[in-house]
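This is work_28.txt (compact mmCIF, C-alpha atoms (C1' of nucleotides)).
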```txt
# COMPACT_ATOMS: atom_id res chain seq x y z
CA MET S 14 107.92 136.13 72.04
CA ALA S 15 105.62 139.11 72.22
CA THR S 16 103.39 137.69 74.87
CA GLY S 17 106.12 135.66 76.49
CA ASN S 18 106.52 137.97 79.42
CA ARG S 19 102.88 138.06 80.27
CA ARG S 20 102.61 134.29 80.32
CA GLU S 21 105.67 133.94 82.43
CA ARG S 22 104.27 136.53 84.79
CA GLU S 23 100.94 134.74 84.96
CA ARG S 24 102.64 131.46 85.59
CA ALA S 25 104.68 132.90 88.44
CA GLN S 26 101.51 134.43 89.82
CA ARG S 27 99.72 131.12 89.75
CA GLU S 28 102.63 129.39 91.38
CA GLN S 29 102.44 131.92 94.16
CA MET S 30 98.72 131.21 94.47
CA ILE S 31 99.46 127.55 94.97
CA VAL S 32 101.98 128.20 97.69
CA ARG S 33 99.71 130.66 99.44
CA ALA S 34 96.72 128.33 99.24
CA ALA S 35 98.78 125.47 100.62
CA ARG S 36 100.04 127.57 103.46
CA GLU S 37 96.66 128.98 104.40
CA LEU S 38 95.01 125.60 104.27
CA ALA S 39 97.78 124.07 106.36
CA GLU S 40 97.62 126.81 108.95
CA ALA S 41 93.86 126.59 109.13
CA GLU S 42 93.36 122.83 109.16
CA GLY S 43 96.78 121.20 109.30
CA TRP S 44 98.85 119.58 106.58
CA ASP S 45 96.66 116.51 106.44
CA ALA S 46 93.90 118.69 105.06
CA VAL S 47 96.15 119.94 102.28
CA THR S 48 95.36 117.57 99.43
CA THR S 49 96.17 118.14 95.82
CA ARG S 50 92.46 118.15 95.04
CA ARG S 51 91.64 120.84 97.55
CA LEU S 52 94.59 122.88 96.42
CA ALA S 53 93.44 122.63 92.83
CA ALA S 54 89.93 123.70 93.80
CA GLU S 55 91.32 126.61 95.78
CA ILE S 56 93.22 128.04 92.83
CA GLU S 57 90.36 127.14 90.47
CA TYR S 58 92.41 124.91 88.24
CA SER S 59 92.50 121.19 87.81
CA GLN S 60 94.87 118.92 89.67
CA PRO S 61 97.47 118.38 86.96
CA VAL S 62 98.42 122.05 86.79
CA LEU S 63 99.97 121.65 90.22
CA TYR S 64 102.39 119.22 88.68
CA SER S 65 103.40 121.65 86.00
CA HIS S 66 104.68 123.92 88.76
CA PHE S 67 105.91 121.45 91.36
CA SER S 68 107.15 117.89 91.18
CA GLY S 69 104.67 116.88 93.84
CA LYS S 70 103.09 117.71 97.14
CA ALA S 71 106.43 117.53 98.92
CA ALA S 72 107.83 120.22 96.66
CA ILE S 73 104.89 122.47 97.47
CA MET S 74 105.52 122.00 101.16
CA THR S 75 109.16 122.81 100.60
CA ALA S 76 108.16 126.04 98.89
CA VAL S 77 106.00 126.93 101.87
CA ALA S 78 108.90 126.09 104.16
CA ALA S 79 111.17 128.40 102.18
CA GLU S 80 108.74 131.24 102.77
CA GLY S 81 108.81 130.34 106.43
CA PHE S 82 112.59 130.61 106.61
CA GLU S 83 112.44 134.03 105.05
CA GLU S 84 109.95 135.22 107.62
CA LEU S 85 111.75 133.59 110.50
CA ALA S 86 114.97 135.34 109.55
CA VAL S 87 113.15 138.64 109.42
CA ALA S 88 111.44 138.01 112.74
CA LEU S 89 114.71 137.15 114.44
CA ARG S 90 116.48 140.12 112.96
CA THR S 91 113.68 142.46 113.93
CA ALA S 92 113.68 141.15 117.47
CA ARG S 93 117.42 141.46 117.81
CA THR S 94 117.70 144.98 116.48
CA ALA S 95 114.73 146.23 118.45
CA VAL S 96 116.62 146.04 121.70
CA SER S 97 120.14 146.74 122.80
CA GLY S 98 122.44 144.87 125.08
CA VAL S 99 123.74 141.35 125.00
CA ARG S 100 121.23 139.80 127.36
CA ALA S 101 118.26 141.67 125.97
CA SER S 102 119.12 140.56 122.44
CA LEU S 103 119.43 136.99 123.54
CA ALA S 104 116.08 137.06 125.25
CA ALA S 105 114.44 138.86 122.35
CA VAL S 106 115.69 136.40 119.75
CA ALA S 107 114.75 133.43 121.89
CA ARG S 108 111.28 134.74 122.45
CA ALA S 109 110.81 135.66 118.82
CA TYR S 110 111.82 132.15 117.83
CA THR S 111 109.45 130.31 120.13
CA ASP S 112 106.67 132.77 119.36
CA PHE S 113 107.16 132.09 115.68
CA ALA S 114 106.88 128.35 116.25
CA ARG S 115 103.81 128.66 118.44
CA GLU S 116 101.93 131.09 116.25
CA ARG S 117 102.55 129.30 112.96
CA PRO S 118 102.68 125.63 113.88
CA ALA S 119 101.93 124.35 110.40
CA LEU S 120 104.54 126.58 108.85
CA TYR S 121 107.06 125.54 111.46
CA ASP S 122 106.28 121.89 110.78
CA ALA S 123 106.87 122.37 107.09
CA MET S 124 110.22 123.93 107.87
CA PHE S 125 111.52 121.49 110.43
CA THR S 126 109.49 118.31 110.56
CA HIS S 127 108.80 117.81 106.87
CA ALA S 128 110.73 119.15 103.91
CA VAL S 129 113.89 117.24 104.48
CA GLU S 130 114.93 118.03 100.94
CA LEU S 131 116.09 121.49 101.94
CA ARG S 132 119.82 121.61 102.43
CA PHE S 133 120.90 122.75 105.85
CA ALA S 134 124.22 123.55 107.33
CA SER S 135 125.92 123.74 103.98
CA PRO S 136 127.05 126.52 101.68
CA ASP S 137 124.22 125.89 99.25
CA ALA S 138 121.55 126.24 101.88
CA PRO S 139 118.88 128.86 101.23
CA ASP S 140 120.04 132.37 102.05
CA ALA S 141 117.20 132.91 104.48
CA LEU S 142 118.28 129.89 106.43
CA GLN S 143 121.81 131.15 106.77
CA ALA S 144 120.46 134.56 107.66
CA GLY S 145 118.42 133.07 110.46
CA PHE S 146 121.38 131.17 111.79
CA ALA S 147 123.44 134.33 111.55
CA GLU S 148 121.08 135.99 113.99
CA PHE S 149 121.74 133.26 116.50
CA LEU S 150 125.44 133.65 115.93
CA GLU S 151 125.17 137.36 116.49
CA VAL S 152 123.45 137.24 119.84
CA VAL S 153 125.40 134.26 121.09
CA GLY S 154 128.81 135.50 120.12
CA PRO S 155 129.36 137.79 123.09
CA VAL S 156 128.71 135.04 125.59
CA ALA S 157 130.57 132.27 123.83
CA GLY S 158 133.68 132.64 125.92
CA ASP S 159 136.07 129.82 125.14
CA ASP S 160 133.51 127.86 123.18
CA ALA S 161 133.07 128.05 119.44
CA PRO S 162 130.27 130.52 118.69
CA GLY S 163 128.96 128.26 115.96
CA LEU S 164 128.55 125.36 118.30
CA LEU S 165 126.88 127.50 120.91
CA ALA S 166 124.50 128.94 118.36
CA GLU S 167 123.57 125.48 117.17
CA THR S 168 123.01 124.25 120.69
CA PHE S 169 120.98 127.31 121.57
CA TRP S 170 118.89 126.81 118.51
CA ALA S 171 118.40 123.14 119.35
CA GLY S 172 117.25 124.07 122.82
CA LEU S 173 114.64 126.44 121.49
CA HIS S 174 113.59 123.93 118.87
CA GLY S 175 113.11 121.25 121.50
CA LEU S 176 111.13 123.56 123.74
CA ALA S 177 108.93 124.69 120.90
CA LEU S 178 108.12 121.16 119.78
CA LEU S 179 107.56 119.63 123.18
CA GLU S 180 105.39 122.47 124.35
CA ARG S 181 103.34 122.62 121.20
CA SER S 182 102.51 118.94 121.28
CA GLY S 183 101.46 119.16 124.89
CA ARG S 184 104.41 117.14 126.07
CA LEU S 185 105.47 120.00 128.27
CA PRO S 186 102.84 122.20 129.91
CA GLU S 187 102.87 125.45 128.02
CA GLN S 188 102.21 127.61 130.98
CA ALA S 189 105.77 127.39 132.28
CA HIS S 190 107.19 128.44 128.92
CA ASP S 191 108.54 131.76 130.14
CA GLU S 192 110.36 130.19 133.03
CA ARG S 193 111.96 127.57 130.81
CA LEU S 194 113.04 130.21 128.36
CA THR S 195 114.56 132.30 131.11
CA LEU S 196 116.33 129.27 132.51
CA LEU S 197 117.67 128.25 129.12
CA ILE S 198 119.10 131.69 128.49
CA ALA S 199 120.48 132.10 131.96
CA ARG S 200 122.32 128.82 131.79
CA LEU S 201 123.24 128.42 128.13
CA ALA S 202 124.39 132.00 127.91
CA PRO S 203 125.40 133.13 131.36
CA PRO S 204 126.81 136.60 131.97
CA ARG S 205 130.52 136.62 131.48
CA MET G 7 84.46 79.72 130.17
CA ALA G 8 86.65 76.66 129.99
CA THR G 9 88.66 77.83 127.03
CA GLY G 10 88.34 81.49 127.92
CA ASN G 11 91.84 81.80 129.26
CA ARG G 12 93.49 80.25 126.30
CA ARG G 13 91.66 82.51 123.88
CA GLU G 14 92.49 85.57 125.88
CA ARG G 15 96.09 84.48 125.94
CA GLU G 16 96.13 83.94 122.21
CA ARG G 17 94.55 87.28 121.62
CA ALA G 18 97.15 89.04 123.73
CA GLN G 19 99.84 87.14 121.88
CA ARG G 20 98.50 88.23 118.53
CA GLU G 21 98.26 91.80 119.68
CA GLN G 22 101.90 91.64 120.61
CA MET G 23 102.69 90.26 117.17
CA ILE G 24 101.02 93.27 115.60
CA VAL G 25 103.00 95.72 117.67
CA ARG G 26 106.25 93.91 117.02
CA ALA G 27 105.59 93.69 113.29
CA ALA G 28 104.75 97.38 113.14
CA ARG G 29 107.88 98.30 115.00
CA GLU G 30 110.18 96.11 112.96
CA LEU G 31 108.73 97.31 109.71
CA ALA G 32 108.99 100.92 110.80
CA GLU G 33 112.57 100.55 111.92
CA ALA G 34 113.51 98.77 108.73
CA GLU G 35 111.71 100.92 106.18
CA GLY G 36 110.15 103.86 107.99
CA TRP G 37 106.58 104.48 109.09
CA ASP G 38 105.40 105.17 105.57
CA ALA G 39 106.06 101.55 104.75
CA VAL G 40 103.89 100.41 107.64
CA THR G 41 100.53 99.90 105.97
CA THR G 42 97.65 97.96 107.42
CA ARG G 43 97.91 95.53 104.53
CA ARG G 44 101.57 94.78 105.08
CA LEU G 45 100.99 94.45 108.79
CA ALA G 46 98.18 92.00 108.17
CA ALA G 47 100.37 89.98 105.83
CA GLU G 48 103.15 89.97 108.37
CA ILE G 49 101.02 88.46 111.11
CA GLU G 50 99.31 86.16 108.59
CA TYR G 51 95.82 87.43 109.24
CA SER G 52 93.51 89.59 107.24
CA GLN G 53 93.31 93.34 107.63
CA PRO G 54 90.17 93.55 109.76
CA VAL G 55 91.71 91.66 112.66
CA LEU G 56 93.96 94.64 113.24
CA TYR G 57 90.87 96.66 114.00
CA SER G 58 89.65 94.16 116.55
CA HIS G 59 92.80 94.95 118.53
CA PHE G 60 93.37 98.61 117.77
CA SER G 61 91.10 101.43 116.76
CA GLY G 62 93.35 102.22 113.82
CA LYS G 63 96.87 102.70 112.61
CA ALA G 64 97.44 105.57 115.01
CA ALA G 65 96.63 103.35 117.95
CA ILE G 66 99.16 100.80 116.77
CA MET G 67 101.79 103.50 116.55
CA THR G 68 100.88 104.60 120.03
CA ALA G 69 101.38 101.07 121.28
CA VAL G 70 104.81 101.01 119.67
CA ALA G 71 105.56 104.36 121.26
CA ALA G 72 104.59 103.00 124.65
CA GLU G 73 107.14 100.23 124.23
CA GLY G 74 109.65 102.87 123.34
CA PHE G 75 109.05 104.81 126.52
CA GLU G 76 109.60 101.67 128.53
CA GLU G 77 112.90 101.04 126.86
CA LEU G 78 113.98 104.64 127.04
CA ALA G 79 113.35 104.70 130.78
CA VAL G 80 115.40 101.56 131.17
CA ALA G 81 118.20 102.90 129.01
CA LEU G 82 118.37 106.14 130.98
CA ARG G 83 118.29 104.36 134.28
CA THR G 84 120.97 101.93 133.21
CA ALA G 85 123.17 104.76 132.02
CA ARG G 86 122.73 106.72 135.22
CA THR G 87 123.42 103.86 137.59
CA ALA G 88 126.40 102.61 135.62
CA VAL G 89 128.49 105.58 136.65
CA SER G 90 128.91 107.59 139.78
CA GLY G 91 129.26 111.28 140.35
CA VAL G 92 127.05 114.15 139.42
CA ARG G 93 128.75 115.14 136.21
CA ALA G 94 129.32 111.62 135.01
CA SER G 95 125.64 110.79 135.51
CA LEU G 96 124.59 113.85 133.62
CA ALA G 97 126.82 113.00 130.71
CA ALA G 98 125.78 109.36 130.75
CA VAL G 99 122.08 110.13 130.69
CA ALA G 100 122.50 112.73 127.98
CA ARG G 101 124.48 110.38 125.83
CA ALA G 102 122.09 107.51 126.41
CA TYR G 103 119.22 109.73 125.37
CA THR G 104 120.70 110.94 122.12
CA ASP G 105 122.02 107.47 121.34
CA PHE G 106 118.55 106.10 121.80
CA ALA G 107 117.12 108.65 119.40
CA ARG G 108 119.80 108.06 116.80
CA GLU G 109 119.75 104.28 116.92
CA ARG G 110 115.98 103.89 116.80
CA PRO G 111 114.77 106.81 114.71
CA ALA G 112 111.42 105.27 113.82
CA LEU G 113 110.70 104.36 117.41
CA TYR G 114 111.69 107.83 118.53
CA ASP G 115 109.42 109.36 115.91
CA ALA G 116 106.50 107.30 117.13
CA MET G 117 107.16 108.51 120.65
CA PHE G 118 107.67 112.19 119.99
CA THR G 119 106.60 113.21 116.53
CA HIS G 120 103.50 111.10 116.11
CA ALA G 121 101.30 109.60 118.81
CA VAL G 122 100.03 112.82 120.24
CA GLU G 123 97.28 110.86 121.95
CA LEU G 124 99.62 109.85 124.74
CA ARG G 125 99.16 112.01 127.79
CA PHE G 126 102.29 113.77 128.91
CA ALA G 127 103.12 115.84 131.89
CA SER G 128 100.07 114.72 133.77
CA PRO G 129 99.38 112.25 136.56
CA ASP G 130 97.73 109.80 134.19
CA ALA G 131 100.73 109.67 131.89
CA PRO G 132 102.21 106.22 131.32
CA ASP G 133 104.44 105.03 134.15
CA ALA G 134 107.39 104.56 131.84
CA LEU G 135 107.15 108.15 130.76
CA GLN G 136 107.24 109.40 134.30
CA ALA G 137 110.07 107.02 135.04
CA GLY G 138 112.07 108.46 132.17
CA PHE G 139 111.47 111.96 133.35
CA ALA G 140 112.44 110.91 136.86
CA GLU G 141 115.86 109.98 135.56
CA PHE G 142 116.33 113.48 134.25
CA LEU G 143 115.18 114.87 137.56
CA GLU G 144 117.65 112.66 139.37
CA VAL G 145 120.75 113.73 137.48
CA VAL G 146 119.73 117.34 137.22
CA GLY G 147 118.77 117.81 140.85
CA PRO G 148 122.28 118.30 142.22
CA VAL G 149 123.02 121.13 139.83
CA ALA G 150 119.67 122.88 140.00
CA GLY G 151 120.83 125.48 142.49
CA ASP G 152 118.14 128.07 142.95
CA ASP G 153 116.13 126.86 139.97
CA ALA G 154 113.28 124.41 140.22
CA PRO G 155 114.64 120.94 139.39
CA GLY G 156 111.53 120.14 137.39
CA LEU G 157 112.03 123.12 135.11
CA LEU G 158 115.69 122.34 134.64
CA ALA G 159 114.92 118.73 133.85
CA GLU G 160 112.35 119.78 131.26
CA THR G 161 114.73 122.24 129.68
CA PHE G 162 117.54 119.72 129.65
CA TRP G 163 115.27 117.21 128.03
CA ALA G 164 114.16 119.77 125.45
CA GLY G 165 117.76 120.54 124.60
CA LEU G 166 118.55 116.89 124.00
CA HIS G 167 115.34 116.46 122.03
CA GLY G 168 116.19 119.39 119.81
CA LEU G 169 119.71 118.17 119.23
CA ALA G 170 118.50 114.68 118.41
CA LEU G 171 115.94 115.88 115.90
CA LEU G 172 118.05 118.49 114.17
CA GLU G 173 121.01 116.18 113.85
CA ARG G 174 119.02 113.24 112.65
CA SER G 175 117.35 115.20 109.88
CA GLY G 176 120.66 116.54 108.70
CA ARG G 177 119.85 120.05 109.84
CA LEU G 178 122.91 120.03 112.04
CA PRO G 179 126.02 118.17 110.94
CA GLU G 180 126.17 115.04 113.02
CA GLN G 181 129.88 114.99 113.32
CA ALA G 182 129.97 117.70 115.97
CA HIS G 183 127.44 115.91 118.13
CA ASP G 184 129.86 115.20 120.96
CA GLU G 185 130.96 118.78 121.21
CA ARG G 186 127.38 120.04 121.31
CA LEU G 187 126.52 117.53 123.97
CA THR G 188 129.49 118.57 126.06
CA LEU G 189 128.61 122.20 125.61
CA LEU G 190 124.99 121.63 126.54
CA ILE G 191 125.95 119.83 129.73
CA ALA G 192 128.67 122.25 130.68
CA ARG G 193 126.35 125.21 130.33
CA LEU G 194 122.94 123.90 131.29
CA ALA G 195 124.33 122.09 134.30
CA PRO G 196 127.50 123.84 135.34
CA PRO G 197 129.48 122.72 138.38
CA ARG G 198 128.11 124.39 141.47
C1' DC U 29 73.68 65.66 117.04
C1' DG U 30 72.28 70.30 115.95
C1' DC U 31 72.08 74.99 117.02
C1' DC U 32 74.55 79.29 117.93
C1' DC U 33 77.75 82.51 118.67
C1' DA U 34 82.23 84.30 118.03
C1' DT U 35 85.84 84.72 114.83
C1' DC U 36 87.69 85.81 110.55
C1' DC U 37 87.89 86.78 105.49
C1' DT U 38 86.33 88.57 101.03
C1' DA U 39 85.00 92.49 98.93
C1' DG U 40 84.41 97.11 98.64
C1' DC U 41 84.24 102.39 99.82
C1' DA U 42 86.03 106.93 99.73
C1' DA U 43 90.10 109.55 99.45
C1' DC U 44 94.94 109.95 98.47
C1' DG U 45 99.10 111.34 95.14
C1' DC U 46 100.01 111.25 90.60
C1' DT U 47 99.70 110.59 85.28
C1' DA U 48 98.21 109.54 80.47
C1' DG U 49 95.91 111.28 76.50
C1' DG U 50 92.81 114.01 74.20
C1' DA U 51 90.29 118.61 73.83
C1' DA U 52 90.57 123.40 73.63
C1' DT U 53 92.94 127.61 73.12
C1' DC U 54 96.22 130.72 71.81
C1' DC U 55 100.12 132.25 68.93
C1' DT U 56 102.46 132.35 64.61
C1' DA U 57 103.02 132.52 59.70
C1' DC U 58 101.28 132.90 55.25
C1' DG D 1 91.83 136.44 57.74
C1' DT D 2 92.75 131.96 58.17
C1' DA D 3 95.13 127.44 58.39
C1' DG D 4 98.63 125.01 61.04
C1' DG D 5 101.18 124.06 65.10
C1' DA D 6 102.36 124.18 69.69
C1' DT D 7 101.07 124.95 74.22
C1' DT D 8 97.91 124.79 77.95
C1' DC D 9 94.60 122.51 80.47
C1' DC D 10 90.96 119.08 81.79
C1' DT D 11 88.73 114.56 82.03
C1' DA D 12 89.40 110.21 83.36
C1' DG D 13 91.74 106.76 85.56
C1' DC D 14 95.62 103.95 87.99
C1' DG D 15 97.40 102.06 92.11
C1' DT D 16 97.48 102.54 97.05
C1' DT D 17 95.88 104.12 101.44
C1' DG D 18 92.94 103.50 106.04
C1' DC D 19 88.88 101.54 107.26
C1' DT D 20 84.27 98.81 107.21
C1' DA D 21 80.12 96.03 105.98
C1' DG D 22 78.31 91.43 105.56
C1' DG D 23 78.61 86.77 104.79
C1' DA D 24 81.12 82.26 105.48
C1' DT D 25 83.29 79.09 108.74
C1' DG D 26 84.22 76.55 112.57
C1' DG D 27 84.44 75.49 117.47
C1' DG D 28 81.63 75.27 122.04
C1' DC D 29 77.42 74.16 124.41
C1' DG D 30 72.95 72.24 125.25
```
How does the structure come out when it is put into structure tokens?
Amino acid sequence: MATGNRRERERAQREQMIVRAARELAEAEGWDAVTTRRLAAEIEYSQPVLYSHFSGKAAIMTAVAAEGFEELAVALRTARTAVSGVRASLAAVARAYTDFARERPALYDAMFTHAVELRFASPDAPDALQAGFAEFLEVVGPVAGDDAPGLLAETFWAGLHGLALLERSGRLPEQAHDERLTLLIARLAPPR
Amino acid sequence: MATGNRRERERAQREQMIVRAARELAEAEGWDAVTTRRLAAEIEYSQPVLYSHFSGKAAIMTAVAAEGFEELAVALRTARTAVSGVRASLAAVARAYTDFARERPALYDAMFTHAVELRFASPDAPDALQAGFAEFLEVVGPVAGDDAPGLLAETFWAGLHGLALLERSGRLPEQAHDERLTLLIARLAPPR
DNA sequence: CGCCCATCCTAGCAACGCTAGGAATCCTAC
DNA sequence: GTAGGATTCCTAGCGTTGCTAGGATGGGCG
């Protein structure tokens, strides 16, 4: 067991390389370009080593998605705490969310379009996921009024998610994004 | 040219068979199960005939999506005209939309997740697509107030789209769907 | 009747995710 | 220091995918 730690460390390092390679490739050329062969070449190992770390390609995408949830939670939290006031926080979180989706489309896809294995809306969901949702709860709470904050947060989130997806795929012209965001906030979370 | 009409007719018929087979297979087993080989077997022709009708699998999915937009437009219109009153129409259209997405997940995926080739939000978009959007415009108009009806319709649509996707993938517990829908309507389109 | 053109199928290509089985390497124990 | 054993890793290959080339087949026309 003398060298046990080193090997474990090296293994963890290599696993991180796989995830990073997958993410970079996906962000550069889309998930279709992320093949197990290219991944293997990228980390300078043969294909089968991937399977000693992950059960398959889907698991690798899930790992990338998990990273994404961490970063999303941070981004939302940063946005919220950077400003003060109920309406400013709302706007900041909303903008941070849609910015995140637009700037990292492949990552966002891994998180929300693929990777269905990740548990959501349950106690055993990843911490980062709950942390992200908590940010929504935080900014939405003050304007919830008689409605359940949880429900409002979910609906707010869904609205942003829909906007992000439809705009990114060209189904809604991106140029009016700001106006839609403003409208969504003004109506979903009106001043009380 | 004596038999020209018959052959054209038969060709069109076979094309329809392909689209129907693709759709049924997708709805029964998901799009992953829709392979060109299975499609060919289903219509009792060999693989290459598919490519004499469509440029590839993506084009077949787009054709299925086009059917979906037709049906969605009809469903929305039916829902809207079945009731009277501003708020009732809003609720009816919203419910019809999310019902459509939940009951035909594969079709909905073809329309919104795949098939990016279809032009949206432009004059040369399919008629059915514009017709569907027109239904949103119709029910949203009376509550637009000072906001542009087009923007509100888009945002409303995005909200429903987000709800549909997040609920269907288990990211939001489906059981609270009604409450979210009510909340979305009450806030996005409040009584004026 | 015989040619000819369109239609359709067989066969195959490259690439995919994934896996079996043997080679090579490193650690351990004597 | 060296033999043995276990672990790590690679080569090779399987089955399937979307898609295509090229030859057979059969109906329509002169």
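In chain D, the set of residues within 10 Å of chain S (atoms considered: all atoms listed in the file) is DT8, DC9, DC10 and DT11 of chain D.
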Identify every residue of chain G that has at least one atom within 7 Å of any atom of chain S, counting all atoms listed in the file, and report the result as number ranges by chain. G: 122, 126-127, 157, 161, 164-165, 167-169, 172, 175-179, 186, 190, 193-194
Quick one: residues within 8 Å of segment 12-29 of chain D, only C-alpha atoms (C1' of nucleotides) counted, chain neighbours fewer than 2 positions away excluded, as a VMD selection string? (chain G and resid 41 to 42 62 to 63) or (chain U and resid 44)
Counting all atoms listed in the file, chain U residues within 12 Å of chain S, as number ranges by chain: U: 43-48, 54-56
Deliver the residues from the most recent selection as a file, using C-alpha atoms (C1' of nucleotides), as a CSV table (one decimal), in the coordinates of the input.
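The file below, out.csv, is the result:
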```csv
chain,number,residue,atom,x,y,z
U,43,DA,C1',90.1,109.6,99.4
U,44,DC,C1',94.9,110.0,98.5
U,45,DG,C1',99.1,111.3,95.1
U,46,DC,C1',100.0,111.2,90.6
U,47,DT,C1',99.7,110.6,85.3
U,48,DA,C1',98.2,109.5,80.5
U,54,DC,C1',96.2,130.7,71.8
U,55,DC,C1',100.1,132.2,68.9
U,56,DT,C1',102.5,132.4,64.6
```
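Take atom CA of Thr84 of chain G and atom CA of Ala102 of chain G: the distance between them is 8.9 Å.
Across the structure, atom CA of Ser102 of chain S and atom CA of Ala88 of chain S are spaced 12.6 Å apart.
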What's the separation between atom CA of Arg19 of chain S and atom C1' of DT53 of chain U, in Å to one decimal place? 16.1 Å
If we count only C-alpha atoms (C1' of nucleotides), what is near Glu55 of chain S at a cut-off of 12 Å, once residues fewer than 4 positions away on the same chain are taken out, given as a list in words? Arg27, Met30, Ile31, Val32, Arg33, Ala34, Ala35, Arg36, Glu37, Leu38, Val47, Thr48, Thr49, Arg50, Arg51, Ser59, Gln60 and Leu63 of chain S
Segment 78-92 of chain G: axis-aligned bounding box, 8 Å on each side, centre and edge lengths in Å, one decimal, as lines of an AutoDock Vina configuration file:
```
center_x = 121.3
center_y = 107.9
center_z = 133.7
size_x = 31.9
size_y = 28.6
size_z = 29.3
```
Env of segment 82-87 of chain S: 7 Å cut, atoms = all atoms listed in the file, seq-sep filter 4 positions within chain, self excluded. Answer as a ChimeraX atom specification. /S:78,91,141-142,144-145
